[in-house]
file start12.csv (CSV, C-alpha atoms)
chain,number,residue,atom,x,y,z
A,12,MET,CA,-78.7,74.4,-15.9
A,13,LYS,CA,-76.7,77.7,-15.8
A,14,LEU,CA,-78.2,80.7,-14.0
A,15,ASN,CA,-76.9,84.2,-14.9
A,16,LEU,CA,-77.3,87.8,-13.9
A,17,ASP,CA,-77.2,90.0,-17.0
A,18,PRO,CA,-74.3,92.5,-16.6
A,19,ALA,CA,-76.8,95.3,-17.5
A,20,VAL,CA,-78.7,94.6,-14.3
A,21,LEU,CA,-75.5,95.0,-12.2
A,22,GLU,CA,-74.5,98.2,-14.1
A,23,ILE,CA,-77.7,99.8,-12.9
A,24,VAL,CA,-77.9,98.3,-9.4
A,25,PRO,CA,-74.4,97.1,-8.5
A,26,ALA,CA,-75.6,95.7,-5.2
A,27,PHE,CA,-78.4,93.6,-6.8
A,28,LYS,CA,-78.7,90.0,-5.4
A,29,LEU,CA,-80.8,87.1,-6.5
A,30,GLY,CA,-81.4,84.1,-4.1
A,31,LEU,CA,-82.0,80.7,-5.8
A,32,ASN,CA,-83.2,77.4,-4.3
A,33,HIS,CA,-83.2,74.4,-6.6
A,34,TYR,CA,-85.5,71.7,-5.3
A,35,THR,CA,-85.5,68.1,-6.4
A,36,LYS,CA,-87.8,65.2,-5.5
A,37,ILE,CA,-90.4,67.4,-3.8
A,38,THR,CA,-94.1,66.7,-3.3
A,39,VAL,CA,-96.5,69.5,-4.0
A,40,ALA,CA,-99.9,68.9,-2.3
A,41,GLU,CA,-102.6,70.6,-0.2
A,42,SER,CA,-100.9,72.6,2.5
A,43,PRO,CA,-100.8,71.2,6.0
A,44,GLN,CA,-103.0,72.9,8.5
A,45,MET,CA,-100.0,74.4,10.2
A,46,LEU,CA,-99.0,76.3,7.0
A,47,LYS,CA,-102.6,77.3,6.3
A,48,GLY,CA,-103.0,78.7,9.8
A,49,ARG,CA,-99.7,80.5,9.7
A,50,LEU,CA,-100.5,82.2,6.4
A,51,GLN,CA,-103.9,83.2,7.6
A,52,LEU,CA,-102.6,84.6,10.9
A,53,PHE,CA,-99.8,86.5,9.2
A,54,GLN,CA,-102.3,88.2,6.8
A,55,GLU,CA,-104.5,89.2,9.7
A,56,LEU,CA,-101.6,90.7,11.7
A,57,LEU,CA,-100.4,92.4,8.5
A,58,PHE,CA,-103.9,93.9,8.0
A,59,PHE,CA,-103.6,95.7,11.3
A,60,ASP,CA,-100.1,96.9,10.5
A,61,LEU,CA,-101.4,98.3,7.2
A,62,ASP,CA,-104.1,100.1,9.1
A,63,ASP,CA,-101.4,102.1,10.9
A,64,LYS,CA,-99.1,102.9,8.0
A,65,PRO,CA,-99.3,102.9,4.2
A,66,VAL,CA,-97.9,100.0,2.2
A,67,THR,CA,-95.1,102.2,0.8
A,68,ASP,CA,-93.7,102.8,4.3
A,69,PHE,CA,-92.7,99.1,4.7
A,70,PRO,CA,-88.9,98.9,4.2
A,71,GLY,CA,-88.9,96.1,1.7
A,72,ILE,CA,-91.7,97.6,-0.4
A,73,LYS,CA,-90.0,101.0,-0.4
A,74,GLU,CA,-86.7,99.6,-1.4
A,75,TRP,CA,-88.2,97.5,-4.2
A,76,ARG,CA,-90.1,100.5,-5.5
A,77,GLU,CA,-86.7,102.3,-5.9
A,78,VAL,CA,-85.3,99.2,-7.7
A,79,TRP,CA,-88.3,99.3,-10.0
A,80,LYS,CA,-87.6,103.0,-10.8
A,81,SER,CA,-83.9,102.3,-11.4
A,82,PHE,CA,-84.8,100.0,-14.3
A,83,GLY,CA,-87.2,102.5,-15.8
A,84,ALA,CA,-90.6,101.0,-14.7
A,85,ASN,CA,-93.4,102.9,-13.0
A,86,PRO,CA,-93.9,101.3,-9.6
A,87,SER,CA,-97.4,102.8,-9.3
A,88,ARG,CA,-98.6,101.6,-12.7
A,89,HIS,CA,-96.9,98.1,-12.6
A,90,ARG,CA,-96.6,97.2,-8.9
A,91,HIS,CA,-94.2,94.4,-8.0
A,92,SER,CA,-95.9,91.3,-6.8
A,93,THR,CA,-95.3,91.8,-3.0
A,94,GLU,CA,-96.8,95.3,-3.0
A,95,ALA,CA,-99.8,94.0,-5.0
A,96,LEU,CA,-100.3,91.2,-2.4
A,97,MET,CA,-100.1,93.7,0.5
A,98,ARG,CA,-102.5,96.1,-1.1
A,99,ARG,CA,-104.9,93.2,-1.4
A,100,ILE,CA,-104.5,92.3,2.3
A,101,ALA,CA,-105.1,96.0,3.2
A,102,LYS,CA,-108.6,95.5,1.8
A,103,GLN,CA,-109.0,92.3,3.8
A,104,ASN,CA,-109.0,90.4,0.6
A,105,TYR,CA,-106.9,87.6,2.0
A,106,LEU,CA,-105.1,84.9,0.0
A,107,SER,CA,-106.8,81.5,0.1
A,108,SER,CA,-104.7,78.4,0.4
A,109,PHE,CA,-103.7,77.1,-3.1
A,110,HIS,CA,-101.1,74.3,-2.6
A,111,SER,CA,-98.0,73.9,-0.5
A,112,ALA,CA,-95.6,75.5,-3.0
A,113,VAL,CA,-97.7,78.6,-3.8
A,114,ASP,CA,-98.6,79.1,-0.1
A,115,LEU,CA,-95.0,78.9,1.0
A,116,ASN,CA,-94.0,81.3,-1.9
A,117,ASN,CA,-96.6,83.8,-0.7
A,118,PHE,CA,-95.6,83.4,2.9
A,119,PHE,CA,-91.9,84.1,2.2
A,120,SER,CA,-92.8,87.1,0.0
A,121,LEU,CA,-94.9,88.7,2.7
A,122,GLN,CA,-92.5,87.8,5.5
A,123,TYR,CA,-89.4,89.3,3.8
A,124,GLU,CA,-91.3,92.0,1.9
A,125,ILE,CA,-89.7,91.0,-1.4
A,126,PRO,CA,-90.9,89.5,-4.6
A,127,VAL,CA,-90.5,85.7,-4.8
A,128,GLY,CA,-91.3,83.3,-7.6
A,129,ILE,CA,-91.4,79.6,-7.9
A,130,TYR,CA,-91.2,77.7,-11.2
A,131,ASP,CA,-91.4,74.1,-12.4
A,132,ALA,CA,-87.8,73.3,-13.2
A,133,ASP,CA,-88.8,70.6,-15.7
A,134,LYS,CA,-90.6,73.2,-17.8
A,135,ILE,CA,-87.6,75.5,-18.0
A,136,ILE,CA,-85.7,75.0,-21.2
A,137,GLY,CA,-81.9,75.3,-21.1
A,138,ASN,CA,-80.2,78.1,-19.1
A,139,VAL,CA,-81.7,81.0,-17.2
A,140,THR,CA,-80.8,84.7,-17.3
A,141,LEU,CA,-82.2,87.6,-15.3
A,142,THR,CA,-82.3,90.6,-17.6
A,143,ILE,CA,-84.2,93.8,-18.2
A,144,GLY,CA,-87.3,93.4,-20.4
A,145,ASN,CA,-87.6,95.3,-23.6
A,146,LYS,CA,-90.6,96.3,-25.8
A,147,ASP,CA,-90.8,92.7,-27.1
A,148,SER,CA,-90.7,91.0,-23.7
A,149,GLY,CA,-93.9,89.5,-22.4
A,150,TYR,CA,-96.0,86.4,-21.8
A,151,ASP,CA,-99.3,84.9,-20.9
A,152,GLY,CA,-99.4,85.3,-17.1
A,153,LEU,CA,-101.0,83.7,-14.2
A,154,ASN,CA,-103.5,86.5,-14.2
A,155,GLY,CA,-105.0,85.1,-17.4
A,156,ARG,CA,-103.8,87.8,-19.8
A,157,PHE,CA,-100.7,88.8,-21.8
A,158,ASN,CA,-98.3,91.0,-19.8
A,159,SER,CA,-95.8,93.3,-21.3
A,160,LEU,CA,-92.5,93.4,-19.4
A,161,GLU,CA,-90.7,96.4,-20.8
A,162,ASN,CA,-88.3,97.9,-18.3
A,163,ILE,CA,-89.2,95.2,-15.8
A,164,LEU,CA,-86.8,92.5,-14.6
A,165,VAL,CA,-87.4,89.2,-16.5
A,166,LEU,CA,-86.2,85.6,-16.0
A,167,SER,CA,-85.7,84.0,-19.5
A,168,ASP,CA,-84.7,80.6,-20.7
A,169,ASP,CA,-83.9,79.3,-24.1
A,170,GLU,CA,-87.6,79.6,-25.1
A,171,GLY,CA,-88.1,83.1,-23.8
A,172,PRO,CA,-89.3,85.0,-20.7
A,173,PHE,CA,-91.0,82.9,-18.0
A,174,GLY,CA,-90.9,84.9,-14.7
A,175,SER,CA,-90.5,88.3,-13.1
A,176,PRO,CA,-91.0,90.1,-9.9
A,177,TYR,CA,-94.2,91.5,-11.5
A,178,ILE,CA,-96.2,88.5,-12.4
A,179,ASP,CA,-95.2,85.0,-13.5
A,180,SER,CA,-96.0,83.1,-16.7
A,181,ALA,CA,-98.4,80.2,-17.0
A,182,ARG,CA,-95.8,78.2,-18.9
A,183,THR,CA,-93.6,77.4,-15.9
A,184,ALA,CA,-96.3,77.3,-13.2
A,185,VAL,CA,-95.8,74.8,-10.3
A,186,THR,CA,-98.6,72.3,-10.0
A,187,GLU,CA,-99.2,69.2,-7.9
A,188,GLU,CA,-97.4,67.2,-10.5
A,189,THR,CA,-94.2,69.2,-10.0
A,190,THR,CA,-91.3,67.3,-8.5
A,191,ASN,CA,-88.4,69.7,-9.3
A,192,ALA,CA,-88.6,73.4,-8.9
A,193,LEU,CA,-86.6,76.7,-9.0
A,194,HIS,CA,-87.4,79.1,-6.2
A,195,VAL,CA,-86.2,82.7,-6.9
A,196,PHE,CA,-85.9,85.4,-4.3
A,197,PHE,CA,-85.6,89.0,-5.6
A,198,LEU,CA,-83.6,90.1,-2.5
A,199,ARG,CA,-83.2,93.6,-1.2
A,200,PRO,CA,-80.0,95.1,-2.7
A,201,SER,CA,-79.2,96.6,0.8
A,202,MET,CA,-78.8,93.1,2.2
A,203,ASP,CA,-75.2,91.8,2.4
A,204,SER,CA,-74.2,88.6,0.7
A,205,THR,CA,-74.0,86.6,4.0
A,206,GLU,CA,-77.5,87.7,5.1
A,207,ALA,CA,-78.8,87.0,1.6
A,208,LEU,CA,-77.6,83.4,1.7
A,209,GLN,CA,-78.9,82.9,5.2
A,210,LEU,CA,-82.4,84.0,4.1
A,211,THR,CA,-82.3,81.8,1.0
A,212,THR,CA,-81.0,78.8,2.9
A,213,ALA,CA,-83.5,79.1,5.8
A,214,SER,CA,-86.4,79.4,3.3
A,215,GLY,CA,-85.2,76.3,1.5
A,216,LYS,CA,-85.0,74.4,4.7
A,217,MET,CA,-88.6,75.4,5.6
A,218,PHE,CA,-89.8,74.5,2.1
A,219,THR,CA,-88.3,71.0,2.2
A,220,GLU,CA,-89.6,70.4,5.7
A,221,ILE,CA,-93.1,70.7,4.3
A,222,SER,CA,-92.6,69.4,0.7
A,223,GLY,CA,-89.8,66.9,1.2
A,224,GLY,CA,-87.0,66.5,-1.3
A,225,ASP,CA,-83.5,68.1,-1.4
A,226,VAL,CA,-82.4,71.7,-1.9
A,227,GLN,CA,-79.4,73.6,-3.1
A,228,ALA,CA,-79.2,77.3,-2.2
A,229,PHE,CA,-77.2,80.0,-4.0
A,230,VAL,CA,-77.0,83.8,-4.3
A,231,LEU,CA,-76.1,85.6,-7.4
A,232,HIS,CA,-74.4,88.9,-7.0
A,233,GLU,CA,-71.7,91.2,-8.4
A,234,ASP,CA,-68.8,88.8,-7.3
A,235,GLN,CA,-70.7,85.7,-8.4
A,236,PRO,CA,-73.0,86.6,-11.3
A,237,SER,CA,-73.5,83.0,-12.5
A,238,ILE,CA,-73.7,79.5,-11.2
A,239,THR,CA,-74.3,76.0,-12.7
A,240,ILE,CA,-76.7,73.6,-11.1
A,241,GLU,CA,-75.9,69.9,-11.7
A,242,GLU,CA,-79.2,68.2,-12.6
call {"tool": "encode", "arguments": {"input": "start12.csv", "output": "structure tokens"}}
result
Amino acid sequence: MKLNLDPAVLEIVPAFKLGLNHYTKITVAESPQMLKGRLQLFQELLFFDLDDKPVTDFPGIKEWREVWKSFGANPSRHRHSTEALMRRIAKQNYLSSFHSAVDLNNFFSLQYEIPVGIYDADKIIGNVTLTIGNKDSGYDGLNGRFNSLENILVLSDDEGPFGSPYIDSARTAVTEETTNALHVFFLRPSMDSTEALQLTTASGKMFTEISGGDVQAFVLHEDQPSITIEE
């Protein structure tokens, strides 16, 4: 599987970085009590932080709103996934535990204040490219409806779009049958490459400590816009 950053993305945001963890032989199951408790406590603490300052004052949220605007999307109309999560928590509408992969994905997203997506690698067809959606880009999302992705970053494989920092598709959703997965971190462009790889690697280590299996960590950026994963 080859993973690529479309040159058009880097033309608009030259410092753009994408963290990638490729997991193999994982077990997705009900989250251990430690993870459930950590996710719940994190949300409760975040609720009090959100009582003191607006969502848009959080550094990661603010930076990703600017990234959103750079590609032509309206961050108030189509909020990136982390801002949507935080606005939900601000209303004390806390996330319930789903399964280990989704719970870890949400935890990383809230902790780092960046959009994060996890996809069943066996449902990805061919190579993957991160590009900018056009008027024809869209898919049936995890929210149960069709989502248009014009001017929004889109992960596409040989079959079409399957993920984005907005909302993910149902086609590549991780389930308890998933054994191989691709974890995508839409990193803050302000992060340097070393810090970006450290974040991606640390997240992969925590993921495999809970889900088992093996992980390979990579970061795509201006000097390394593509990588090939041996499957």
call {"tool": "closest_residue", "arguments": {"input": "start12.csv", "among": "A:Ser111, A:Asn117, A:Ser159, A:Asn15", "to": "Phe218 of chain A", "atoms": "all atoms listed in the file"}}
result
A:Ser111
call {"tool": "residues_around", "arguments": {"input": "start12.csv", "residues": "segment 148-155 of chain A", "least_positions_apart": "5", "cutoff": "12 Å", "atoms": "all atoms listed in the file", "output": "list in words"}}
result
Ser92, Gly128, Tyr130, Thr142, Ile143, Leu160, Glu161, Asn162, Ile163, Leu164, Val165, Leu166, Ser167, Glu170, Gly171, Pro172, Phe173, Gly174, Ser175, Tyr177, Ile178, Asp179, Ser180, Ala181, Arg182, Thr183, Ala184 and Val185 of chain A
call {"tool": "residues_around", "arguments": {"input": "start12.csv", "residues": "Ala95 of chain A", "least_positions_apart": "2", "cutoff": "12 Å", "atoms": "all atoms listed in the file", "output": "JSON, numbers by chain"}}
result
{"A": [66, 67, 72, 76, 86, 87, 88, 89, 90, 91, 92, 93, 97, 98, 99, 100, 101, 102, 104, 105, 106, 117, 120, 121, 124, 125, 126, 176, 177, 178]}
call {"tool": "closest_residue", "arguments": {"input": "start12.csv", "among": "A:Leu16, A:Ala192, A:Ile238, A:Leu31", "to": "Ser214 of chain A", "atoms": "all atoms listed in the file"}}
result
A:Leu31
call {"tool": "residues_around", "arguments": {"input": "start12.csv", "residues": "Ile23 of chain A", "least_positions_apart": "5", "cutoff": "12 Å", "atoms": "only C-alpha atoms", "output": "PDB file with C-alpha atoms, in the coordinates of the input"}}
result
ATOM      1  CA  ASP A  17     -77.200  90.000 -17.000  1.00  0.00           C
ATOM      2  CA  PRO A  18     -74.300  92.500 -16.600  1.00  0.00           C
ATOM      3  CA  GLU A  77     -86.700 102.300  -5.900  1.00  0.00           C
ATOM      4  CA  VAL A  78     -85.300  99.200  -7.700  1.00  0.00           C
ATOM      5  CA  TRP A  79     -88.300  99.300 -10.000  1.00  0.00           C
ATOM      6  CA  LYS A  80     -87.600 103.000 -10.800  1.00  0.00           C
ATOM      7  CA  SER A  81     -83.900 102.300 -11.400  1.00  0.00           C
ATOM      8  CA  PHE A  82     -84.800 100.000 -14.300  1.00  0.00           C
ATOM      9  CA  GLY A  83     -87.200 102.500 -15.800  1.00  0.00           C
ATOM     10  CA  THR A 142     -82.300  90.600 -17.600  1.00  0.00           C
ATOM     11  CA  ILE A 143     -84.200  93.800 -18.200  1.00  0.00           C
ATOM     12  CA  LEU A 164     -86.800  92.500 -14.600  1.00  0.00           C
ATOM     13  CA  PRO A 200     -80.000  95.100  -2.700  1.00  0.00           C
ATOM     14  CA  GLU A 233     -71.700  91.200  -8.400  1.00  0.00           C
TER      15      GLU A 233
END
call {"tool": "residues_around", "arguments": {"input": "start12.csv", "residues": "Gly48 of chain A", "least_positions_apart": "6", "cutoff": "12 Å", "atoms": "all atoms listed in the file", "output": "list in words"}}
result
Ser42, Gln54, Glu55, Leu106, Ser107, Ser108, Asp114, Leu115 and Phe118 of chain A
call {"tool": "atom_distance", "arguments": {"input": "start12.csv", "atom1": "atom CA of Val39 of chain A", "atom2": "atom CA of Asn191 of chain A"}}
result
9.7 Å
call {"tool": "atom_distance", "arguments": {"input": "start12.csv", "atom1": "atom CA of Ile129 of chain A", "atom2": "atom CA of Gly215 of chain A"}}
result
11.7 Å
call {"tool": "atom_distance", "arguments": {"input": "start12.csv", "atom1": "atom CA of Tyr123 of chain A", "atom2": "atom CA of Leu210 of chain A"}}
result
8.8 Å
call {"tool": "residues_near_point", "arguments": {"input": "start12.csv", "point": "(-76.3, 70.8, -9.6)", "cutoff": "8 Å", "atoms": "only C-alpha atoms", "output": "ChimeraX atom specification"}}
result
/A:12,227,239-242
call {"tool": "residues_around", "arguments": {"input": "start12.csv", "residues": "Lys28 of chain A", "least_positions_apart": "4", "cutoff": "8 Å", "atoms": "all atoms listed in the file", "output": "mmCIF file with C-alpha atoms, in the frame of the given file"}}
result
data_model
loop_
_atom_site.group_PDB
_atom_site.id
_atom_site.type_symbol
_atom_site.label_atom_id
_atom_site.label_comp_id
_atom_site.auth_asym_id
_atom_site.auth_seq_id
_atom_site.Cartn_x
_atom_site.Cartn_y
_atom_site.Cartn_z
ATOM 1 C CA PHE A 197 -85.600 89.000 -5.600
ATOM 2 C CA LEU A 198 -83.600 90.100 -2.500
ATOM 3 C CA ARG A 199 -83.200 93.600 -1.200
ATOM 4 C CA PRO A 200 -80.000 95.100 -2.700
ATOM 5 C CA SER A 204 -74.200 88.600 0.700
ATOM 6 C CA ALA A 207 -78.800 87.000 1.600
ATOM 7 C CA VAL A 230 -77.000 83.800 -4.300
ATOM 8 C CA LEU A 231 -76.100 85.600 -7.400
ATOM 9 C CA HIS A 232 -74.400 88.900 -7.000
ATOM 10 C CA GLU A 233 -71.700 91.200 -8.400
#
call {"tool": "residues_near_point", "arguments": {"input": "start12.csv", "point": "(-101.2, 68.0, -4.7)", "cutoff": "10 Å", "atoms": "all atoms listed in the file", "output": "list in words"}}
result
Thr38, Val39, Ala40, Glu41, Ser42, Phe109, His110, Ser111, Ala112, Thr186, Glu187, Glu188 and Thr189 of chain A
